[in-house]
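final_6.txt (compact mmCIF, C-alpha atoms) appears below.
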```
# COMPACT_ATOMS: atom_id res chain seq x y z
CA MET A 1 -12.78 -20.00 15.53
CA ASP A 2 -10.21 -21.07 13.00
CA GLU A 3 -7.97 -18.31 11.64
CA LEU A 4 -8.75 -19.25 8.04
CA TRP A 5 -12.49 -18.86 8.65
CA LYS A 6 -11.82 -15.43 10.14
CA LEU A 7 -9.88 -14.45 7.01
CA GLY A 8 -12.70 -15.76 4.81
CA ILE A 9 -15.31 -13.72 6.70
CA MET A 10 -13.09 -10.64 6.47
CA LEU A 11 -12.80 -11.19 2.71
CA LEU A 12 -16.59 -11.09 2.49
CA ILE A 13 -16.79 -7.98 4.71
CA ALA A 14 -14.12 -6.21 2.66
CA VAL A 15 -15.93 -6.86 -0.64
CA ILE A 16 -19.29 -5.77 0.82
CA LEU A 17 -17.77 -2.59 2.33
CA GLY A 18 -16.04 -1.76 -0.94
CA TYR A 19 -19.03 -2.19 -3.22
CA ALA A 20 -21.87 -1.04 -0.93
CA GLY A 21 -20.73 2.56 -1.24
CA VAL A 22 -20.28 2.34 -5.00
CA VAL A 23 -23.76 0.82 -5.49
CA LEU A 24 -25.28 3.36 -3.09
CA SER A 25 -23.87 6.32 -4.99
CA ILE A 26 -24.98 4.84 -8.34
CA ILE A 27 -28.54 4.53 -6.95
CA LEU A 28 -28.71 7.85 -5.09
CA GLY A 29 -26.94 10.11 -7.59
CA PRO A 30 -28.88 12.05 -10.23
CA LYS A 31 -28.81 10.72 -13.81
CA ARG A 32 -28.69 13.50 -16.37
CA PRO A 33 -26.28 12.32 -19.06
CA ASN A 34 -25.53 14.31 -22.18
CA LYS A 35 -23.06 13.88 -24.99
CA GLU A 36 -20.41 16.30 -23.75
CA LYS A 37 -20.53 14.96 -20.22
CA LEU A 38 -19.92 11.38 -21.31
CA GLU A 39 -16.86 12.18 -23.39
CA PRO A 40 -13.54 11.00 -21.95
CA TYR A 41 -11.51 13.87 -20.52
CA GLU A 42 -8.77 15.02 -22.91
CA SER A 43 -8.17 18.58 -21.71
CA GLY A 44 -10.98 19.93 -23.90
CA VAL A 45 -9.69 18.40 -27.13
CA ARG A 46 -12.12 16.10 -29.00
CA PRO A 47 -11.10 12.54 -28.07
CA GLY A 48 -9.29 10.84 -30.91
CA LYS A 49 -9.21 7.14 -31.52
CA TRP A 50 -9.62 4.40 -28.93
CA PRO A 51 -6.53 4.53 -26.73
CA ARG A 52 -6.12 0.83 -25.98
CA GLY A 53 -3.53 -0.41 -28.41
CA ARG A 54 -0.05 -1.80 -28.33
CA LEU A 55 2.25 -0.83 -25.46
CA ALA A 56 5.95 -0.07 -25.38
CA VAL A 57 7.92 -3.29 -24.97
CA LYS A 58 9.75 -1.81 -21.94
CA TYR A 59 6.66 -2.35 -19.77
CA PHE A 60 6.50 -5.98 -20.84
CA LEU A 61 10.20 -6.50 -20.15
CA VAL A 62 9.93 -5.08 -16.62
CA ALA A 63 6.94 -7.33 -15.94
CA VAL A 64 8.82 -10.43 -17.09
CA ILE A 65 11.91 -9.61 -15.01
CA PHE A 66 9.68 -8.99 -12.01
CA LEU A 67 7.97 -12.35 -12.52
CA ILE A 68 11.29 -14.21 -12.55
CA PHE A 69 12.68 -12.48 -9.47
CA ASP A 70 9.44 -12.60 -7.52
CA VAL A 71 9.03 -16.33 -8.00
CA GLU A 72 12.59 -16.72 -6.71
CA ALA A 73 11.95 -14.35 -3.81
CA ILE A 74 8.86 -16.27 -2.72
CA LEU A 75 11.05 -19.38 -2.32
CA LEU A 76 13.03 -17.45 0.31
CA PHE A 77 9.98 -17.19 2.60
CA PRO A 78 9.96 -20.83 3.76
CA TRP A 79 13.76 -20.66 4.03
CA ALA A 80 13.49 -17.67 6.37
CA LEU A 81 11.50 -19.69 8.90
CA HIS A 82 14.25 -22.30 9.28
CA VAL A 83 17.36 -20.16 9.61
CA ASN A 84 17.20 -20.76 13.35
CA ASP A 85 17.14 -24.58 13.28
CA LEU A 86 19.45 -25.20 10.31
CA ARG A 87 21.97 -22.57 11.42
CA ILE A 88 25.12 -22.62 9.25
CA ILE A 89 23.56 -24.88 6.56
CA ALA A 90 20.75 -22.38 6.11
CA ALA A 91 23.25 -19.55 5.78
CA PHE A 92 25.20 -21.37 3.05
CA GLU A 93 22.08 -22.47 1.18
CA GLY A 94 20.56 -18.99 1.37
CA GLY A 95 23.83 -17.45 0.24
CA PHE A 96 24.09 -19.85 -2.70
CA PHE A 97 20.47 -19.19 -3.69
CA ILE A 98 21.02 -15.44 -3.66
CA LEU A 99 24.25 -15.94 -5.65
CA VAL A 100 22.29 -17.77 -8.37
CA LEU A 101 19.71 -14.97 -8.27
CA LEU A 102 22.48 -12.39 -8.62
CA VAL A 103 23.88 -14.13 -11.73
CA GLY A 104 20.51 -13.66 -13.42
CA TYR A 105 20.36 -10.09 -12.14
CA VAL A 106 23.79 -9.20 -13.52
CA TYR A 107 22.88 -10.85 -16.84
CA ALA A 108 19.66 -8.82 -17.10
CA TRP A 109 21.61 -5.66 -16.22
CA ALA A 110 24.37 -6.41 -18.77
CA LYS A 111 21.78 -7.08 -21.51
CA GLY A 112 20.25 -3.67 -20.77
CA ALA A 113 16.88 -5.10 -19.71
CA ILE A 114 16.78 -2.93 -16.58
CA LYS A 115 17.79 0.21 -18.44
CA TRP A 116 14.72 2.38 -18.96
CA LEU A 117 15.79 5.02 -21.50
CA MET B 1 -5.67 -5.36 27.75
CA ASP B 2 -7.56 -8.67 27.72
CA PHE B 3 -11.19 -7.62 27.53
CA ILE B 4 -13.74 -10.21 28.68
CA LEU B 5 -16.04 -8.57 26.10
CA PHE B 6 -13.96 -9.87 23.21
CA LYS B 7 -14.44 -13.60 23.87
CA GLY B 8 -16.35 -15.97 21.59
CA TYR B 9 -18.05 -15.39 18.26
CA ILE B 10 -20.09 -12.32 19.23
CA GLY B 11 -17.00 -10.78 20.81
CA TRP B 12 -15.03 -11.37 17.65
CA PHE B 13 -17.62 -9.64 15.46
CA LEU B 14 -17.75 -6.78 17.98
CA LYS B 15 -13.98 -6.46 17.74
CA VAL B 16 -14.09 -6.50 13.93
CA GLY B 17 -16.77 -3.78 13.99
CA ILE B 18 -14.81 -1.54 16.37
CA ILE B 19 -11.49 -1.95 14.52
CA LEU B 20 -13.03 -1.36 11.09
CA PHE B 21 -14.99 1.66 12.34
CA ILE B 22 -11.87 3.26 13.85
CA PHE B 23 -9.81 2.38 10.79
CA LEU B 24 -12.22 3.83 8.21
CA THR B 25 -12.83 6.94 10.33
CA ALA B 26 -9.08 7.38 10.63
CA ALA B 27 -8.77 7.07 6.84
CA ALA B 28 -11.40 9.78 6.37
CA TYR B 29 -9.64 12.00 8.89
CA MET B 30 -6.32 11.46 7.11
CA VAL B 31 -7.84 13.38 4.19
CA TRP B 32 -8.66 16.19 6.61
CA ALA B 33 -5.19 15.97 8.19
CA GLU B 34 -3.55 16.06 4.77
CA ARG B 35 -5.41 19.24 3.86
CA ARG B 36 -4.78 20.92 7.22
CA VAL B 37 -1.10 19.95 7.37
CA SER B 38 -0.43 20.99 3.76
CA ALA B 39 -2.15 24.27 4.49
CA TRP B 40 -0.03 24.72 7.61
CA MET B 41 3.19 23.96 5.71
CA GLN B 42 2.27 26.45 2.99
CA ASP B 43 1.12 29.10 5.47
CA ARG B 44 -2.52 28.82 4.42
CA ILE B 45 -5.55 28.06 6.62
CA GLY B 46 -7.10 24.95 5.05
CA PRO B 47 -10.65 23.67 5.64
CA ASN B 48 -11.88 25.28 8.88
CA LEU B 49 -15.55 26.10 8.34
CA VAL B 50 -17.38 22.77 8.71
CA GLY B 51 -17.41 22.12 12.44
CA PRO B 52 -14.67 23.15 14.90
CA PHE B 53 -11.29 23.25 13.07
CA GLY B 54 -13.09 21.80 10.05
CA LEU B 55 -13.41 18.48 11.86
CA LEU B 56 -16.72 17.60 10.19
CA GLN B 57 -15.24 18.13 6.71
CA PRO B 58 -14.73 14.37 5.94
CA LEU B 59 -18.39 13.65 6.79
CA ALA B 60 -19.56 16.51 4.58
CA ASP B 61 -17.33 15.32 1.74
CA VAL B 62 -18.66 11.75 1.87
CA LEU B 63 -22.29 12.92 2.02
CA LYS B 64 -21.73 15.25 -0.90
CA LEU B 65 -20.01 12.57 -3.01
CA ILE B 66 -22.79 9.99 -2.42
CA PHE B 67 -25.37 12.34 -3.97
CA LYS B 68 -23.28 13.24 -7.02
CA GLU B 69 -23.90 11.86 -10.50
CA ASP B 70 -21.96 8.74 -11.45
CA ILE B 71 -20.49 9.60 -14.86
CA VAL B 72 -19.28 6.67 -16.98
CA PRO B 73 -17.68 7.84 -20.26
CA TYR B 74 -19.15 6.18 -23.35
CA VAL B 75 -15.78 4.63 -24.27
CA ALA B 76 -15.31 3.19 -20.78
CA ASP B 77 -15.33 -0.48 -19.91
CA ARG B 78 -18.41 -0.42 -17.67
CA PHE B 79 -17.53 -3.56 -15.70
CA LEU B 80 -13.97 -2.49 -14.88
CA HIS B 81 -15.24 1.01 -14.11
CA PHE B 82 -17.45 -0.56 -11.44
CA LEU B 83 -14.81 -3.05 -10.25
CA ALA B 84 -11.81 -0.77 -9.66
CA PRO B 85 -12.99 1.61 -6.86
CA GLY B 86 -14.30 -1.24 -4.70
CA LEU B 87 -11.00 -3.12 -4.98
CA ILE B 88 -9.01 -0.13 -3.81
CA LEU B 89 -11.05 0.11 -0.61
CA ALA B 90 -11.32 -3.65 -0.03
CA ALA B 91 -7.51 -4.08 -0.04
CA PRO B 92 -6.72 -2.06 3.13
CA VAL B 93 -9.66 -3.69 4.92
CA LEU B 94 -8.11 -7.07 4.13
CA ALA B 95 -4.70 -5.85 5.29
CA ILE B 96 -5.97 -4.55 8.66
CA THR B 97 -7.14 -8.13 9.39
CA VAL B 98 -3.66 -9.36 10.32
CA ILE B 99 -2.25 -6.23 12.00
CA PRO B 100 -1.74 -6.78 15.76
CA PHE B 101 -2.53 -3.59 17.72
CA ALA B 102 -1.92 -4.68 21.30
CA PRO B 103 -1.70 -8.04 23.11
CA GLY B 104 -4.97 -9.80 22.21
CA ILE B 105 -6.26 -6.99 19.98
CA TRP B 106 -6.07 -8.35 16.46
CA ILE B 107 -8.73 -9.65 14.09
CA SER B 108 -6.84 -12.72 12.96
CA ASN B 109 -3.39 -14.17 13.49
CA PRO B 110 -2.64 -16.67 10.72
CA ASP B 111 0.81 -18.32 10.42
CA PHE B 112 1.26 -16.59 7.06
CA GLY B 113 0.40 -13.08 8.32
CA LEU B 114 3.29 -11.32 6.56
CA LEU B 115 2.41 -12.94 3.20
CA TRP B 116 -1.23 -11.93 3.67
CA LEU B 117 -0.18 -8.35 4.45
CA LEU B 118 2.07 -8.10 1.37
CA GLY B 119 -0.55 -9.79 -0.81
CA SER B 120 -3.50 -7.70 0.26
CA THR B 121 -1.61 -4.42 -0.10
CA SER B 122 -0.81 -5.34 -3.70
CA ILE B 123 -4.53 -5.83 -4.42
CA ALA B 124 -4.81 -2.04 -4.16
CA ALA B 125 -2.45 -1.90 -7.14
CA TYR B 126 -5.07 -3.77 -9.19
CA GLY B 127 -7.55 -1.03 -8.31
CA VAL B 128 -5.14 1.61 -9.64
CA ILE B 129 -4.26 -0.36 -12.80
CA LEU B 130 -7.84 -1.34 -13.67
CA GLY B 131 -9.08 2.16 -12.83
CA GLY B 132 -6.71 3.65 -15.39
CA ILE B 133 -7.59 1.13 -18.08
CA ALA B 134 -11.36 1.35 -17.43
CA GLY B 135 -11.69 5.07 -18.17
CA GLY B 136 -10.98 4.61 -21.87
CA SER B 137 -9.14 7.93 -21.90
CA LYS B 138 -5.46 8.58 -22.54
CA TYR B 139 -4.24 10.27 -19.35
CA PRO B 140 -5.55 7.57 -17.00
CA LEU B 141 -4.12 4.91 -19.30
CA LEU B 142 -0.66 6.47 -19.05
CA GLY B 143 -1.04 6.71 -15.27
CA SER B 144 -2.02 3.09 -15.03
CA LEU B 145 0.91 1.94 -17.19
CA ARG B 146 3.32 3.86 -15.00
CA SER B 147 1.69 2.46 -11.92
CA MET B 148 2.04 -1.09 -13.26
CA SER B 149 5.80 -0.77 -13.81
CA GLN B 150 6.35 1.14 -10.58
CA ILE B 151 4.47 -1.20 -8.28
CA VAL B 152 5.99 -4.26 -9.91
CA SER B 153 9.48 -2.82 -9.44
CA TYR B 154 9.00 -1.81 -5.80
CA GLU B 155 7.16 -4.97 -4.76
CA LEU B 156 10.40 -6.95 -4.91
CA PRO B 157 12.59 -4.85 -2.53
CA MET B 158 9.55 -4.51 -0.25
CA GLY B 159 9.07 -8.26 0.07
CA ILE B 160 12.77 -9.01 0.54
CA SER B 161 13.30 -6.27 3.14
CA ALA B 162 10.23 -7.47 5.08
CA LEU B 163 11.76 -10.93 4.88
CA GLY B 164 14.64 -9.59 7.00
CA ALA B 165 12.22 -9.12 9.90
CA ALA B 166 10.83 -12.63 9.31
CA VAL B 167 14.33 -14.13 9.47
CA MET B 168 15.02 -12.30 12.74
CA ALA B 169 11.76 -13.51 14.28
CA GLY B 170 11.82 -16.96 12.66
CA SER B 171 8.11 -16.67 11.88
CA LEU B 172 5.78 -15.09 9.34
CA SER B 173 3.05 -14.43 11.91
CA LEU B 174 2.95 -10.71 12.69
CA VAL B 175 2.19 -11.36 16.36
CA ASP B 176 5.34 -13.51 16.64
CA ILE B 177 7.34 -10.81 14.84
CA VAL B 178 6.21 -8.23 17.41
CA GLU B 179 6.85 -10.63 20.31
CA ALA B 180 10.41 -11.19 19.05
CA GLN B 181 11.05 -7.45 19.42
CA ARG B 182 10.41 -7.43 23.16
CA SER B 183 14.02 -6.72 24.10
CA LEU B 184 15.30 -5.03 20.93
CA TRP B 185 13.39 -3.37 18.09
CA PHE B 186 14.35 -4.75 14.68
CA ILE B 187 15.27 -1.26 13.51
CA VAL B 188 18.65 -1.69 15.24
CA PRO B 189 19.95 -4.90 13.58
CA GLN B 190 17.83 -4.27 10.47
CA PHE B 191 18.37 -0.56 9.86
CA LEU B 192 19.00 -1.07 6.13
CA GLY B 193 15.87 -3.19 5.81
CA PHE B 194 13.86 -0.53 7.65
CA LEU B 195 15.04 2.18 5.25
CA VAL B 196 14.32 0.09 2.14
CA PHE B 197 10.89 -0.91 3.43
CA LEU B 198 10.00 2.69 4.32
CA ILE B 199 11.01 3.94 0.87
CA THR B 200 9.09 1.19 -0.93
CA THR B 201 5.91 1.97 1.02
CA TYR B 202 6.01 5.47 -0.50
CA ALA B 203 6.16 3.94 -3.97
CA GLU B 204 3.48 1.33 -3.26
CA THR B 205 1.01 3.95 -2.01
CA ASN B 206 1.73 6.32 -4.93
CA ARG B 207 2.95 9.11 -2.67
CA LEU B 208 5.46 11.81 -3.49
CA PRO B 209 8.31 11.56 -4.43
CA PHE B 210 7.00 8.49 -6.32
CA ASP B 211 3.52 9.71 -7.31
CA LEU B 212 4.08 9.44 -11.07
CA PRO B 213 0.82 7.50 -11.68
CA GLU B 214 -1.16 10.57 -10.66
CA ALA B 215 1.30 13.36 -11.46
CA GLU B 216 -1.17 16.27 -11.55
CA ALA B 217 0.93 18.51 -13.73
CA GLU B 218 1.31 16.01 -16.59
CA LEU B 219 -1.58 13.55 -16.27
CA THR B 220 -4.45 15.74 -14.93
CA GLY B 221 -4.93 13.44 -11.95
CA GLY B 222 -3.84 10.14 -13.48
CA TYR B 223 -5.82 6.95 -12.96
CA HIS B 224 -8.86 8.51 -11.26
CA THR B 225 -9.52 11.20 -13.88
CA GLU B 226 -12.61 9.45 -15.28
CA PHE B 227 -14.27 8.69 -11.93
CA SER B 228 -16.91 10.75 -10.16
CA SER B 229 -19.28 10.44 -7.18
CA LEU B 230 -18.34 7.96 -4.45
CA LYS B 231 -16.23 5.98 -6.94
CA PHE B 232 -13.79 8.90 -6.85
CA GLY B 233 -14.29 9.12 -3.11
CA TRP B 234 -13.23 5.50 -2.72
CA PHE B 235 -10.04 6.13 -4.71
CA PHE B 236 -9.30 9.01 -2.39
CA ALA B 237 -10.20 7.24 0.85
CA GLY B 238 -8.45 4.06 -0.30
CA GLU B 239 -5.21 5.95 -0.83
CA TYR B 240 -5.27 7.24 2.74
CA ALA B 241 -6.35 3.88 4.14
CA ASN B 242 -3.32 2.43 2.39
CA LEU B 243 -1.13 5.09 4.01
CA ILE B 244 -2.39 3.99 7.43
CA ILE B 245 -1.70 0.34 6.57
CA ALA B 246 1.81 1.25 5.40
CA SER B 247 2.55 3.17 8.62
CA LEU B 248 1.14 0.36 10.74
CA SER B 249 3.20 -2.27 8.97
CA VAL B 250 6.44 -0.30 9.30
CA SER B 251 5.74 0.09 13.03
CA VAL B 252 4.88 -3.58 13.46
CA LEU B 253 7.76 -5.01 11.41
CA PHE B 254 10.63 -2.77 12.47
CA LEU B 255 9.63 -0.57 15.42
CA GLY B 256 8.45 -3.18 17.86
CA GLY B 257 4.67 -2.82 17.48
CA TRP B 258 3.22 -2.32 20.95
CA TYR B 259 6.56 -2.57 22.81
CA GLY B 260 8.07 0.58 24.26
CA PRO B 261 9.09 2.05 27.61
CA PHE B 262 6.70 3.68 30.13
CA LEU B 263 3.41 3.72 28.21
CA PRO B 264 1.30 0.54 28.06
CA GLY B 265 0.27 -1.41 24.99
CA ILE B 266 -1.62 0.25 22.21
CA HIS B 267 -0.43 3.81 22.93
CA TRP B 268 2.99 3.03 21.51
CA LEU B 269 1.62 1.61 18.27
CA ILE B 270 -0.62 4.67 17.81
CA LEU B 271 2.26 7.07 18.49
CA LYS B 272 4.56 5.28 16.02
CA THR B 273 1.84 5.14 13.38
CA LEU B 274 1.03 8.83 13.79
CA PHE B 275 4.71 9.65 13.39
CA PHE B 276 4.93 7.75 10.09
CA LEU B 277 1.67 9.28 8.86
CA PHE B 278 3.07 12.73 9.57
CA LEU B 279 6.28 11.72 7.79
CA PHE B 280 4.22 10.89 4.67
CA LEU B 281 2.75 14.41 4.67
CA TRP B 282 6.08 16.02 5.52
CA VAL B 283 7.90 14.24 2.67
CA ARG B 284 5.16 15.24 0.24
CA TRP B 285 5.83 18.95 0.76
CA THR B 286 9.61 18.59 0.97
CA PHE B 287 10.80 16.49 -1.98
CA PRO B 288 10.26 17.05 -5.71
CA ARG B 289 8.90 14.27 -7.92
CA PHE B 290 11.25 11.72 -9.52
CA ARG B 291 11.62 11.33 -13.27
CA PHE B 292 10.34 7.94 -14.44
CA ASP B 293 13.71 6.49 -15.49
CA GLN B 294 15.20 7.64 -12.17
CA LEU B 295 12.40 5.83 -10.39
CA MET B 296 13.10 2.56 -12.18
CA PHE B 297 16.86 2.98 -11.74
CA PHE B 298 16.41 3.55 -8.03
CA SER B 299 14.34 0.43 -7.52
CA TRP B 300 16.25 -2.08 -9.64
CA LYS B 301 19.83 -0.88 -9.16
CA VAL B 302 19.81 0.54 -5.63
CA LEU B 303 16.98 -0.89 -3.54
CA LEU B 304 17.07 -4.48 -4.80
CA PRO B 305 20.82 -5.06 -4.08
CA LEU B 306 20.41 -3.26 -0.73
CA SER B 307 17.50 -5.47 0.28
CA LEU B 308 19.46 -8.63 -0.62
CA LEU B 309 22.42 -7.31 1.40
CA ASN B 310 20.02 -6.69 4.27
CA LEU B 311 18.81 -10.28 4.07
CA MET B 312 22.41 -11.53 4.39
CA ILE B 313 22.97 -9.19 7.37
CA ALA B 314 19.80 -10.55 9.00
CA THR B 315 21.02 -14.14 8.56
CA LEU B 316 24.46 -13.32 9.99
CA VAL B 317 23.01 -11.46 12.98
CA LYS B 318 20.64 -14.36 13.62
CA LEU B 319 23.50 -16.89 13.52
CA LEU B 320 25.97 -14.92 15.64
CA TRP B 321 23.44 -13.83 18.26
```
Please lay out the structure from this file as structure tokens.
Amino acid sequence: MDELWKLGIMLLIAVILGYAGVVLSIILGPKRPNKEKLEPYESGVRPGKWPRGRLAVKYFLVAVIFLIFDVEAILLFPWALHVNDLRIIAAFEGGFFILVLLVGYVYAWAKGAIKWL
Amino acid sequence: MDFILFKGYIGWFLKVGIILFIFLTAAAYMVWAERRVSAWMQDRIGPNLVGPFGLLQPLADVLKLIFKEDIVPYVADRFLHFLAPGLILAAPVLAITVIPFAPGIWISNPDFGLLWLLGSTSIAAYGVILGGIAGGSKYPLLGSLRSMSQIVSYELPMGISALGAAVMAGSLSLVDIVEAQRSLWFIVPQFLGFLVFLITTYAETNRLPFDLPEAEAELTGGYHTEFSSLKFGWFFAGEYANLIIASLSVSVLFLGGWYGPFLPGIHWLILKTLFFLFLFLWVRWTFPRFRFDQLMFFSWKVLLPLSLLNLMIATLVKLLW
């Protein structure tokens, strides 16, 4: 059997395993809702307004930096497979690639994008 | 360890059944082990009433949780509330697919095994993030925001340090990576990579000292506050299943998988995995929790440069060897 088919079947099994239990407990559990029970938990305080609003920009900044670096890191995966055949060329190319990555990293650091507080 | 039983289609499904059964049972017993070991470290007794040494406790817990009421808060997003717990259990099941246990004992061995492993472990992060957003309450939302930033920051050093092992083996298939460690475990030339990878697994599985998404003292349980019945159970079991995956992947990538002196095959992998699982529990009761800015500082300014340095070391070792 092809490896990709095996992965596809496992994907199906994983989803079924994950949701069978959830569905089972929704069916089997008792259903006695009341107003207090259905309130979101806020340590006993009456819940205020809807909490989904705007987020601090720091979270967005971290996500963007991650996106840039992760796309660059994923390009290193095919490179890693050919270090053995390309030998010294691979070492120089990998080194240059990481150097370019480091320039962006130092720039982000200098601009204070990585600083949290 | 080449069983005649495991040939052909039927054999493959049999193998999948056995591996998944052992894996999920082990995840349930990790909950028991966590409670017993924490009790032992704090000089308490822990669960010891259900069965000998409390060994039937996980079964009792699951049965109890199935028959509990599923409470969905009226502000919750009902679809995400249903989606999140299943994702968190599906992710480790996907990850176990590519883990090689012993020669011939693996579910699948694709050429991109390492990518699949990294990818499927980050699906669990979606469970955590969506779980926090779905509740419609403030504490889980804060937990899920923290988790988003934390997992995103630690994903990068994790991928690059795992890449060190791929460079050494010249392949992304986990079986090839283990085979390449026949004479020398990668922990020796890749010690820095091993350390970075081990630390990032703690952050990826939300364990102390990086368990800010569920910091009990400040967030009342974090992302799973609004979940009950088996939905909560899945969050709990999924966390421990992810711990097992993390320990297995450290053993496979850096500690030579099934290779070791004296004992044959699978025993070595089990011993290494048990050691790392115990380390998870040990660290939990030894280190205090990080502050959030320290956590981000540690990932971006310490682990990321170290993992890049490790990649250069891996290339040099590969060229000079």
I want to know what sits within 7 Å of Gly18 (chain A), based on all atoms listed in the file, with residues of the same chain fewer than 3 positions away left out; could you give that as a PyMOL selection string?
(chain A and resi 14-15+21) or (chain B and resi 86-87+89-90)
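Interatomic distance, CA of Phe82 (chain B) to CA of Glu34 (chain B): 27.1 Å.
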Just how far from CA of Ser299 (chain B) is CA of Tyr107 (chain A), in Å to one decimal?
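Computing it gives 16.9 Å between the two atoms.
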Neighbours of chain B in chain A at 6 Å, counting only C-alpha atoms, as an NGL selection string
:A and (3 or 14-15 or 18-19 or 22 or 25-26 or 28-30 or 38-40 or 51 or 80-81 or 116)
Selected residue, from B:Ala33, B:Leu55, B:Leu14, B:Ile129, that lies nearest to Phe235 (chain B) when counting only C-alpha atoms:
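Residue with the minimum atom-to-atom distance to Phe235 (chain B): B:Ile129.
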So, counting only C-alpha atoms, which residue among B:Leu118, B:Ile45, B:Met30, B:Ile10 is closest to Tyr240 (chain B)?
B:Met30
Between CA of Val175 (chain B) and CA of Leu279 (chain B), what is the spacing in Å?
25.0 Å
Excluding region 185-202 of chain B and any residue of its chain fewer than 6 positions from it, enumerate the residues within 8 Å of it, using all atoms listed in the file, and give them as an NGL selection string.
:B and (154-155 or 157-158 or 161-162 or 164-165 or 168 or 208-210 or 246 or 250 or 253-256 or 280 or 303 or 306-307 or 310-311 or 313-314 or 317)
Which of B:Pro264, B:Gly46, B:Gly113, B:Gly17 sits closest to Leu17 (chain A) [using all atoms listed in the file]:
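Between B:Pro264, B:Gly46, B:Gly113, B:Gly17, the residue approaching Leu17 (chain A) most closely is B:Gly17.
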